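The next block is upload_30.txt, given as compact mmCIF, C-alpha atoms.
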```txt
# COMPACT_ATOMS: atom_id res chain seq x y z
CA MET V 220 8.31 107.73 175.42
CA ALA V 221 10.81 105.46 173.66
CA SER V 222 10.05 104.53 170.07
CA LYS V 223 9.68 100.89 169.15
CA ASN V 224 11.16 101.80 165.79
CA TYR V 225 14.62 102.72 167.10
CA TYR V 226 17.07 99.88 167.56
CA ASP V 227 20.59 99.84 169.02
CA VAL V 228 22.49 96.77 167.79
CA THR V 229 24.33 96.50 171.11
CA GLU V 230 21.05 96.26 173.03
CA TRP V 231 19.17 93.83 170.79
CA LYS V 232 18.06 90.54 172.25
CA ILE V 233 19.18 88.24 169.43
CA GLY V 234 22.81 87.56 168.52
CA ASN V 235 26.09 89.21 169.40
CA PRO V 236 26.81 92.26 167.19
CA TYR V 237 30.54 92.11 167.85
CA GLU V 238 30.71 88.54 166.56
CA ASP V 239 28.16 88.80 163.72
CA ILE V 240 26.33 92.07 163.23
CA GLY V 241 24.73 90.60 160.11
CA GLU V 242 22.71 88.16 162.19
CA VAL V 243 21.65 90.98 164.54
CA ILE V 244 20.51 93.38 161.83
CA ASN V 245 18.64 90.65 159.96
CA SER V 246 16.75 89.74 163.14
CA ILE V 247 15.90 93.41 163.70
CA ILE V 248 14.53 93.68 160.16
CA ALA V 249 12.46 90.55 160.80
CA ASP V 250 11.05 92.20 163.95
CA ILE V 251 10.15 95.36 162.02
CA LYS V 252 8.32 93.28 159.41
CA SER V 253 6.45 91.28 162.06
CA ARG V 254 5.22 94.45 163.79
CA GLN V 255 4.54 96.63 160.77
CA THR V 256 1.98 94.64 158.84
CA GLU V 257 -0.86 97.12 158.24
CA LEU V 258 -0.83 99.09 154.99
CA ASP V 259 -3.16 101.90 156.09
CA VAL V 260 -3.81 102.95 159.69
CA ASN V 261 -4.99 106.55 160.10
CA GLU V 262 -3.34 107.43 156.79
CA GLY V 263 -0.12 105.76 157.92
CA GLY V 264 1.20 102.28 157.48
CA LYS V 265 4.74 100.97 157.67
CA PRO V 266 7.05 103.74 158.92
CA GLY V 267 10.18 101.63 158.90
CA ALA V 268 12.87 102.13 161.54
CA VAL V 269 16.32 103.34 162.51
CA ILE V 270 19.10 100.88 163.35
CA TYR V 271 21.96 102.48 165.28
CA ILE V 272 25.53 101.18 165.33
CA PRO V 273 27.62 102.78 168.13
CA SER V 274 31.37 103.23 167.72
CA GLY V 275 33.10 99.88 167.81
CA ASP V 276 34.31 96.96 165.70
CA TYR V 277 31.59 94.60 164.47
CA HIS V 278 32.37 91.46 162.50
CA LEU V 279 29.93 90.60 159.72
CA ARG V 280 29.75 86.90 158.93
CA THR V 281 26.13 86.87 157.67
CA GLN V 282 25.06 89.04 154.76
CA VAL V 283 22.49 91.71 155.71
CA VAL V 284 19.41 91.42 153.47
CA ILE V 285 17.18 94.48 153.24
CA ASP V 286 13.73 94.20 151.69
CA ILE V 287 11.76 96.95 153.46
CA SER V 288 11.41 100.66 152.78
CA TYR V 289 12.06 103.56 155.15
CA LEU V 290 15.00 101.90 156.87
CA LYS V 291 17.96 103.94 158.09
CA ILE V 292 21.15 102.26 159.26
CA MET V 293 23.37 104.79 160.96
CA GLY V 294 26.59 104.88 162.92
CA ALA V 295 28.70 107.28 164.95
CA GLY V 296 31.60 107.88 162.55
CA HIS V 297 32.86 106.82 159.12
CA GLY V 298 36.17 105.73 160.63
CA PHE V 299 38.29 105.77 157.46
CA ILE V 300 42.06 105.41 157.65
CA SER V 301 44.41 104.23 154.93
CA SER V 302 44.96 100.49 154.92
CA SER V 303 47.22 100.69 151.87
CA ILE V 304 49.79 102.79 153.71
CA ARG V 305 49.82 100.32 156.62
CA PHE V 306 50.24 97.29 154.39
CA ASN V 307 53.09 98.93 152.45
CA ILE V 308 55.40 99.60 155.38
CA PRO V 309 57.35 96.84 157.18
CA GLN V 310 55.21 95.07 159.77
CA ASN V 311 57.85 95.64 162.43
CA GLU V 312 57.03 99.37 162.15
CA TRP V 313 53.33 98.89 162.89
CA ALA V 314 53.88 99.16 166.64
CA GLU V 315 55.05 102.76 166.16
CA LEU V 316 51.78 103.82 164.47
CA HIS V 317 49.16 105.77 166.43
CA ASP V 318 46.32 103.92 164.65
CA LEU V 319 46.45 100.57 162.92
CA TRP V 320 42.94 99.82 161.61
CA PRO V 321 39.92 101.91 160.58
CA GLY V 322 37.68 102.99 163.46
CA GLY V 323 34.38 104.71 164.14
CA SER V 324 31.35 102.45 163.70
CA ARG V 325 33.22 99.79 161.74
CA ILE V 326 31.84 96.74 159.96
CA LEU V 327 34.53 94.10 159.38
CA VAL V 328 33.42 92.08 156.35
CA ASP V 329 34.35 88.48 157.13
CA LEU V 330 32.39 86.98 154.24
CA MET V 331 34.44 84.56 152.16
CA PRO V 332 33.13 84.82 148.59
CA GLU V 333 34.40 82.29 146.08
CA ALA V 334 36.81 83.56 143.44
CA GLY V 335 34.84 84.21 140.27
CA GLY V 336 31.58 83.37 142.03
CA GLU V 337 28.30 85.26 142.09
CA GLU V 338 29.16 88.88 142.79
CA ALA V 339 26.27 89.59 145.14
CA LYS V 340 27.38 86.82 147.51
CA GLY V 341 30.28 88.97 148.66
CA ALA V 342 28.12 91.96 149.61
CA ALA V 343 27.93 93.06 153.24
CA PHE V 344 24.54 94.74 152.61
CA TYR V 345 22.27 93.29 149.93
CA VAL V 346 19.12 95.21 149.02
CA GLU V 347 16.32 93.89 146.82
CA ARG V 348 12.53 93.73 146.75
CA SER V 349 10.35 92.76 143.81
CA GLY V 350 6.83 94.01 143.10
CA ASP V 351 5.27 97.43 143.42
CA PRO V 352 6.00 99.96 144.60
CA ARG V 353 9.75 99.91 144.34
CA ILE V 354 11.64 99.72 147.61
CA SER V 355 12.22 103.33 148.72
CA SER V 356 14.03 105.56 151.17
CA VAL V 357 16.66 103.21 152.49
CA GLU V 358 19.55 105.17 154.02
CA PHE V 359 23.11 104.30 155.03
CA GLU V 360 24.84 106.93 157.12
CA ASN V 361 28.04 107.51 159.05
CA PHE V 362 29.69 104.11 159.48
CA CYS V 363 32.62 102.27 157.94
CA ILE V 364 32.57 99.11 155.83
CA ASP V 365 36.02 97.50 155.78
CA GLY V 366 36.94 94.61 153.48
CA LEU V 367 40.05 93.99 155.62
CA HIS V 368 42.40 92.42 153.07
CA PHE V 369 42.94 92.00 149.37
CA VAL V 370 44.13 88.64 148.03
CA ASP V 371 46.47 87.27 145.40
CA ASP V 372 44.79 87.74 142.02
CA GLY V 373 47.06 85.28 140.21
CA LEU V 374 48.39 87.93 137.81
CA GLY V 375 51.74 88.31 139.53
CA LYS V 376 51.84 92.08 139.06
CA ALA V 377 51.31 93.19 142.65
CA GLU V 378 51.66 92.07 146.23
CA PRO V 379 48.39 90.50 147.47
CA GLU V 380 47.43 93.56 149.55
CA ASN V 381 47.79 95.77 146.45
CA THR V 382 45.63 93.77 144.03
CA TYR V 383 42.29 95.46 144.86
CA THR V 384 40.73 92.00 144.56
CA ASN V 385 38.75 90.08 147.21
CA GLY V 386 35.22 89.61 145.84
CA LYS V 387 33.74 91.81 148.58
CA THR V 388 31.19 94.60 148.11
CA GLY V 389 30.07 97.16 150.67
CA ILE V 390 26.51 97.91 149.51
CA TYR V 391 24.87 95.97 146.66
CA ILE V 392 21.43 97.11 145.49
CA ALA V 393 20.15 94.53 143.04
CA GLY V 394 16.95 96.02 141.67
CA ALA V 395 14.92 99.13 141.01
CA GLN V 396 14.60 101.52 143.92
CA ASP V 397 13.65 105.11 144.65
CA SER V 398 15.15 107.90 146.81
CA PHE V 399 18.00 105.98 148.45
CA ARG V 400 20.65 107.93 150.35
CA ILE V 401 24.26 106.98 151.12
CA THR V 402 25.80 109.74 153.21
CA GLY V 403 28.88 110.23 155.37
CA MET V 404 30.05 106.65 154.93
CA GLY V 405 33.57 105.18 154.83
CA PHE V 406 34.48 102.35 152.44
CA VAL V 407 37.92 100.74 152.39
CA TYR V 408 39.55 97.59 150.97
CA LEU V 409 36.50 96.35 149.10
CA GLU V 410 36.65 95.16 145.50
CA HIS V 411 33.38 97.05 144.97
CA GLY V 412 32.39 99.88 147.28
CA ILE V 413 28.84 100.64 146.08
CA THR V 414 27.07 98.72 143.29
CA ILE V 415 23.54 99.82 142.38
CA TYR V 416 21.18 98.69 139.63
CA ASP V 417 18.31 100.78 138.22
CA ALA V 418 18.58 103.80 140.50
CA ASP V 419 16.05 106.61 140.61
CA ALA V 420 16.49 109.79 142.68
CA LEU V 421 19.61 108.40 144.32
CA SER V 422 21.89 110.55 146.47
CA ILE V 423 25.49 109.51 147.13
CA HIS V 424 26.86 112.43 149.12
CA ASP V 425 29.82 113.31 151.34
CA ASN V 426 31.33 109.82 151.58
CA PHE V 427 34.96 108.68 151.84
CA ILE V 428 35.43 105.81 149.36
CA ALA V 429 39.06 104.94 148.81
CA GLU V 430 41.43 102.01 148.40
CA CYS V 431 38.57 100.05 146.83
CA GLY V 432 38.83 98.23 143.51
CA ASN V 433 35.78 100.18 142.30
CA CYS V 434 34.09 103.01 144.19
CA ILE V 435 30.64 103.76 142.69
CA GLU V 436 29.01 101.65 139.97
CA LEU V 437 25.55 102.60 138.68
CA ARG V 438 24.55 99.71 136.49
CA GLY V 439 21.52 98.69 134.45
CA SER V 440 19.87 102.06 133.99
CA GLY V 441 18.75 105.05 136.02
CA GLN V 442 17.68 108.64 136.20
CA ALA V 443 17.65 111.89 138.19
CA SER V 444 20.40 111.06 140.68
CA LYS V 445 23.46 112.74 142.10
CA ILE V 446 27.01 111.94 143.19
CA THR V 447 28.21 114.97 145.12
CA ASP V 448 30.90 116.12 147.54
CA ASN V 449 32.60 112.73 147.87
CA LEU V 450 36.28 112.01 148.45
CA MET V 451 37.20 108.85 146.56
CA GLY V 452 39.67 106.96 144.45
CA ALA V 453 39.56 103.46 142.99
CA GLY V 454 42.32 100.98 142.22
CA TYR V 455 44.13 100.65 138.91
CA LYS V 456 41.72 97.93 137.74
CA GLY V 457 38.44 99.69 138.42
CA TYR V 458 36.26 102.77 138.21
CA SER V 459 35.98 105.65 140.63
CA ILE V 460 32.58 106.52 139.10
CA PHE V 461 30.83 104.33 136.52
CA ALA V 462 27.35 104.94 135.14
CA GLN V 463 25.43 102.98 132.53
CA ASN V 464 22.28 103.90 130.57
CA PHE V 465 21.65 106.86 132.84
CA GLY V 466 19.76 110.08 132.25
CA GLY V 467 19.95 113.16 134.43
CA LEU V 468 22.96 112.24 136.56
CA LEU V 469 24.68 115.06 138.42
CA VAL V 470 28.37 114.55 139.26
CA THR V 471 29.49 117.65 141.14
CA ALA V 472 32.07 118.84 143.68
CA ASN V 473 33.80 115.49 144.06
CA ASN V 474 37.51 115.17 144.74
CA ILE V 475 38.67 112.06 142.87
CA PHE V 476 42.10 110.69 143.75
CA PRO V 477 44.26 108.30 141.74
CA ARG V 478 44.53 105.33 140.93
CA GLY V 479 41.34 104.34 139.17
CA THR V 480 41.25 103.10 135.59
CA SER V 481 39.07 106.16 135.08
CA SER V 482 37.81 108.99 137.25
CA VAL V 483 34.44 108.94 135.46
CA HIS V 484 33.29 106.37 132.91
CA PHE V 485 29.94 106.87 131.18
CA ASP V 486 28.41 104.11 129.08
CA SER V 487 25.42 105.35 127.03
CA VAL V 488 24.64 108.16 129.46
CA ALA V 489 22.55 111.11 128.30
CA ARG V 490 21.71 114.63 129.44
CA SER V 491 23.89 114.49 132.52
CA SER V 492 26.37 116.90 134.06
CA ILE V 493 29.96 116.61 135.27
CA THR V 494 30.77 119.97 136.81
CA SER V 495 33.09 121.57 139.37
CA ASN V 496 35.02 118.43 140.25
CA ARG V 497 38.72 117.94 140.88
CA PHE V 498 40.06 114.84 139.12
CA HIS V 499 43.57 113.44 139.62
CA SER V 500 44.96 110.40 137.83
CA PHE V 501 48.24 108.65 137.15
CA TYR V 502 47.04 107.25 133.80
CA PRO V 503 45.29 108.28 130.57
CA GLY V 504 41.54 107.67 130.31
CA MET V 505 40.49 109.94 133.17
CA LEU V 506 37.11 110.64 131.56
CA VAL V 507 35.63 108.10 129.15
CA PHE V 508 32.38 108.33 127.18
CA GLU V 509 31.54 105.11 125.38
CA GLY V 510 28.46 103.90 123.55
CA SER V 511 25.76 106.43 122.74
CA CYS V 512 26.64 109.16 125.23
CA SER V 513 24.78 112.30 124.20
CA GLU V 514 23.99 115.83 125.34
CA ASN V 515 26.19 115.67 128.41
CA LEU V 516 27.85 118.72 129.96
CA VAL V 517 31.47 118.58 131.18
CA SER V 518 32.38 121.97 132.57
CA SER V 519 34.47 123.82 135.15
CA ASN V 520 36.42 120.74 136.22
CA HIS V 521 40.10 120.50 137.04
CA PHE V 522 41.84 117.47 135.51
CA LEU V 523 45.40 116.57 136.56
CA ARG V 524 47.42 113.67 135.22
CA ASP V 525 50.92 113.00 136.51
CA HIS V 526 53.16 110.02 137.27
CA GLU V 527 52.77 107.67 140.22
CA PRO V 528 55.23 108.99 142.84
CA TRP V 529 54.88 106.26 145.48
CA PRO V 530 57.35 103.38 144.95
CA PRO V 531 55.09 100.45 146.03
CA MET V 532 52.58 101.32 143.29
CA GLN V 533 54.97 102.22 140.50
CA GLY V 534 54.81 99.80 137.61
CA LEU V 535 51.06 99.29 138.00
CA ASP V 536 48.68 101.04 135.61
CA ASN V 537 45.41 100.72 133.71
CA GLY V 538 47.00 99.44 130.50
CA LEU V 539 46.18 102.51 128.37
CA ASP V 540 48.76 104.47 126.40
CA ASP V 541 49.04 108.22 125.94
CA LEU V 542 47.37 108.18 122.52
CA PHE V 543 44.10 107.14 124.17
CA GLY V 544 43.62 110.63 125.59
CA LEU V 545 43.01 111.96 129.07
CA LEU V 546 39.42 112.55 127.94
CA ASN V 547 38.18 109.91 125.48
CA ILE V 548 34.85 110.85 123.93
CA SER V 549 32.36 108.88 121.84
CA GLY V 550 28.84 110.18 121.32
CA ASP V 551 26.84 113.10 120.04
CA HIS V 552 26.15 116.70 121.07
CA ASN V 553 28.25 116.66 124.24
CA SER V 554 29.67 119.93 125.59
CA ILE V 555 33.21 119.98 127.00
CA VAL V 556 33.73 123.58 127.97
CA SER V 557 35.78 125.73 130.33
CA ASN V 558 37.80 122.98 131.98
CA HIS V 559 41.37 123.29 133.24
CA ILE V 560 43.42 120.28 132.18
CA SER V 561 46.98 119.73 133.44
CA GLU V 562 49.36 117.00 132.33
CA THR V 563 52.78 116.81 133.97
CA ILE V 564 54.69 113.73 132.96
CA GLY V 565 58.33 112.82 132.43
CA THR V 566 59.05 111.95 128.80
CA GLN V 567 60.48 108.58 129.90
CA TYR V 568 57.01 107.56 131.10
CA ILE V 569 55.15 108.36 127.88
CA LYS V 570 53.76 105.34 126.02
CA PRO V 571 54.44 104.56 123.23
CA GLU V 572 57.93 105.98 123.46
CA GLY V 573 58.29 109.30 121.68
CA ALA V 574 54.55 109.81 121.17
CA ARG V 575 52.76 113.14 121.55
CA PRO V 576 50.24 112.59 124.36
CA VAL V 577 46.61 113.30 123.47
CA ILE V 578 44.54 115.34 125.89
CA ILE V 579 40.99 115.35 124.43
CA HIS V 580 40.32 112.51 122.00
CA VAL V 581 37.04 112.58 120.08
CA VAL V 582 36.79 109.03 118.80
CA SER V 583 33.37 109.19 117.13
CA GLY V 584 30.16 111.16 117.08
CA LYS V 585 28.80 114.43 115.81
CA GLY V 586 27.74 117.78 117.18
CA ASN V 587 30.18 117.76 120.09
CA HIS V 588 31.18 121.23 121.31
CA ILE V 589 34.69 121.60 122.74
CA SER V 590 35.43 125.14 123.80
CA ASN V 591 37.63 127.33 125.98
CA ASN V 592 39.50 124.55 127.71
CA HIS V 593 42.81 125.63 129.23
CA ILE V 594 45.35 122.87 128.71
CA VAL V 595 48.74 123.00 130.42
CA ALA V 596 51.22 120.28 129.43
CA THR V 597 54.64 120.09 131.09
CA THR V 598 57.48 117.72 131.75
CA GLU V 599 60.13 117.66 134.48
CA THR V 600 63.59 118.97 133.80
CA ALA V 601 66.63 117.63 135.62
CA GLY V 602 66.21 117.69 139.37
CA GLU V 603 65.95 115.58 142.45
CA GLN V 604 64.18 112.26 141.98
CA ASN V 605 62.16 110.31 144.50
CA ASP V 606 64.60 108.07 146.35
CA GLY V 607 61.94 105.51 147.23
CA ALA V 608 61.96 106.25 150.94
CA ALA V 609 59.34 108.98 151.00
CA SER V 610 56.02 108.32 152.66
CA CYS V 611 52.89 108.04 150.52
CA PHE V 612 51.67 111.42 151.79
CA SER V 613 54.92 113.33 151.31
CA ALA V 614 55.59 111.73 147.92
CA GLN V 615 52.18 112.64 146.55
CA VAL V 616 52.04 116.13 148.04
CA GLY V 617 55.57 116.82 146.84
CA ALA V 618 54.62 115.77 143.32
CA LEU V 619 51.52 117.98 143.37
CA LEU V 620 53.41 121.06 144.49
CA THR V 621 56.42 120.71 142.19
CA THR V 622 56.07 123.43 139.57
CA ASP V 623 59.46 125.15 139.59
CA ARG V 624 61.39 122.78 137.32
CA LEU V 625 58.85 122.18 134.60
CA ALA V 626 59.30 122.65 130.86
CA GLU V 627 56.65 122.70 128.17
CA LEU V 628 55.60 119.30 126.84
CA GLU V 629 54.48 118.95 123.24
CA VAL V 630 50.99 117.42 123.13
CA THR V 631 47.95 117.09 120.91
CA THR V 632 45.36 119.07 122.82
CA VAL V 633 42.42 117.84 120.71
CA LEU V 634 42.36 114.90 118.31
CA VAL V 635 39.16 114.49 116.27
CA GLU V 636 39.11 111.18 114.41
CA LYS V 637 37.84 110.83 110.84
CA GLU V 638 34.74 109.02 112.10
CA ALA V 639 33.73 112.16 114.03
CA VAL V 640 32.05 114.90 111.97
CA GLN V 641 30.14 118.16 112.47
CA ASN V 642 31.96 118.85 115.72
CA THR V 643 33.11 122.28 116.92
CA VAL V 644 36.49 122.93 118.54
CA LEU V 645 37.12 126.47 119.78
CA ASP V 646 40.03 127.90 121.76
CA SER V 647 41.21 124.54 123.11
CA GLY V 648 44.57 124.44 121.38
CA SER V 649 46.57 126.21 118.70
CA GLU V 650 46.69 125.32 115.01
CA THR V 651 49.66 123.04 115.63
CA GLN V 652 48.14 121.36 118.70
CA VAL V 653 44.79 120.29 117.24
CA ILE V 654 44.30 117.51 114.70
CA ILE V 655 40.97 117.90 112.97
CA ASP V 656 39.45 117.65 109.49
CA LYS V 657 38.29 121.22 108.93
CA THR V 658 36.22 120.24 105.92
CA VAL V 659 33.69 118.39 108.09
CA ASN V 660 34.21 120.06 111.49
CA ALA V 661 34.44 123.66 112.73
CA PHE V 662 37.68 124.88 114.28
CA ARG V 663 39.09 128.05 115.80
CA GLY V 664 42.56 127.87 117.28
CA THR V 665 43.69 129.42 120.53
CA PRO V 666 45.77 132.54 119.79
CA VAL V 667 49.47 132.10 120.53
CA PRO V 668 51.00 135.04 122.45
CA GLY V 669 53.48 136.99 120.37
CA VAL V 670 52.42 135.38 117.09
```

Mind converting the file's structure to structure tokens?
Amino acid sequence: MASKNYYDVTEWKIGNPYEDIGEVINSIIADIKSRQTELDVNEGGKPGAVIYIPSGDYHLRTQVVIDISYLKIMGAGHGFISSSIRFNIPQNEWAELHDLWPGGSRILVDLMPEAGGEEAKGAAFYVERSGDPRISSVEFENFCIDGLHFVDDGLGKAEPENTYTNGKTGIYIAGAQDSFRITGMGFVYLEHGITIYDADALSIHDNFIAECGNCIELRGSGQASKITDNLMGAGYKGYSIFAQNFGGLLVTANNIFPRGTSSVHFDSVARSSITSNRFHSFYPGMLVFEGSCSENLVSSNHFLRDHEPWPPMQGLDNGLDDLFGLLNISGDHNSIVSNHISETIGTQYIKPEGARPVIIHVVSGKGNHISNNHIVATTETAGEQNDGAASCFSAQVGALLTTDRLAELEVTTVLVEKEAVQNTVLDSGSETQVIIDKTVNAFRGTPVPGV
């Protein structure tokens, strides 16, 4: 017996999903609401529905508006492929490529938001419902949201397809919600991949979010949520992971690529964990705690900062210099323990010129515990340089694997500013590598072999 609560967009009676899947999904949601009107029938009420998107390309010209609980929108494949690589090779070479555009169950976002206009207008999927209870259990699974193109941002620093700017958002959740799930999705060429306000018990798991201006933004406030097992990397203007006024956020087992302004940026986040992630960046400011961040755990992560090896993106950065720190910490009673931190950078790329790069920078706060971090700082000696012709993949992999012509780089492993007091720094740098006022902080240097 077929369920009335399962919908295939290609079989729905209203609209053409290939021309405007937004119109189709909105009409399906309207049908669900018209049929599911009773609050309590045999201890059941409004079960919601599943909307299925088969493999194919579906233009979205009408924003999807979701205001019901228990809705699952699912596809048959996240379909990610790099658009940045395609746009940065000569167009006369496109015919030689096996694949040209993302695939799977692919939503092509054809919305045309105004520059500087209301952010939510550029969202492919807009979720909001007022009143009680909060909207709950909406799920997005296993399809691709493609912003198609970036546009000229007027700054003159990058080609239009490298600006990470187009006003488009994949999923925009505007108000308080409970137990949402975003799983197995692909997001590409969107200025904002996922933007969520006031999240509770949110799961963002096993997605591919890359070549977006910003990947995940948790705004407003929130609690008891997780960002786990994702592959992602934002553009040089935006965040890979941003969280604001959050408590109990778990950030675990993510692989964060360059080129985001930061890999993780916490603003007034408390009692949250960043553990067992791999972070890679081309700029300082990989991890930033600002505002009143407190009692957070940062442990067992691998941080790597090196120089942008791919010619089309060289010369673009997040605007921070090497005195800012790879990890920039403000707040109280945070634990930064047992991380491996690697910086490999040519001295000609250090800003300001001649400076000693800072690895962990405690800007303000008290009671922070920094312990047993293994910091490896190196610079390249004379050797072969990238000739500009290497592919994105070979250039980046080659840079990652180059360890045979490295020399030690002099750095400040931990810098504790005068405004920061009652902090503890243990075994995270030698006496000469750590700058700290020992009269108001506790310090034990890492032993130096042979000394």

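Using only C-alpha atoms, the protein and nucleic acid residues lying at most 10 Å from the point (32.3, 87.3, 155.5) are V:Asp239, V:Gly241, V:His278, V:Leu279, V:Arg280, V:Thr281, V:Gln282, V:Leu327, V:Val328, V:Asp329, V:Leu330, V:Met331, V:Pro332, V:Lys340, V:Gly341, V:Ala342, V:Ala343, V:Gly366, V:Lys387.
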
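Across V:Val470, V:Val269, V:Ile390, V:Ile555, the tightest approach to V:Thr643 is made by V:Ile555 when counting all atoms listed in the file.
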
Show which residues sit within 9 Å of V:Leu319, as number ranges by chain. Count all atoms listed in the file, and ignore same-chain residues fewer than 5 positions away.
V: 300, 302, 305, 313-314

Report as CSV the residues of stretch 496-555 of chain V within 6 Å of stretch 572-581 of chain V, each with its shortest atom pair and distance in Å (one decimal), using all atoms listed in the file, ordered by chain and increasing residue number.
```
residue,atom,partner,partner_atom,distance
V:Asp541,CA,V:Pro576,CA,4.8
V:Leu542,CA,V:Val577,CA,5.3
V:Gly544,CA,V:Val577,CA,4.5
V:Leu545,CA,V:Ile578,CA,4.9
V:Leu546,CA,V:Ile579,CA,4.8
V:Asn547,CA,V:His580,CA,4.8
V:Ile548,CA,V:Val581,CA,4.8
```

Have a look at V:Tyr225, V:Val407, V:Asn474, V:Ser647 and name the one nearest to V:Thr631; count all atoms listed in the file.
V:Ser647
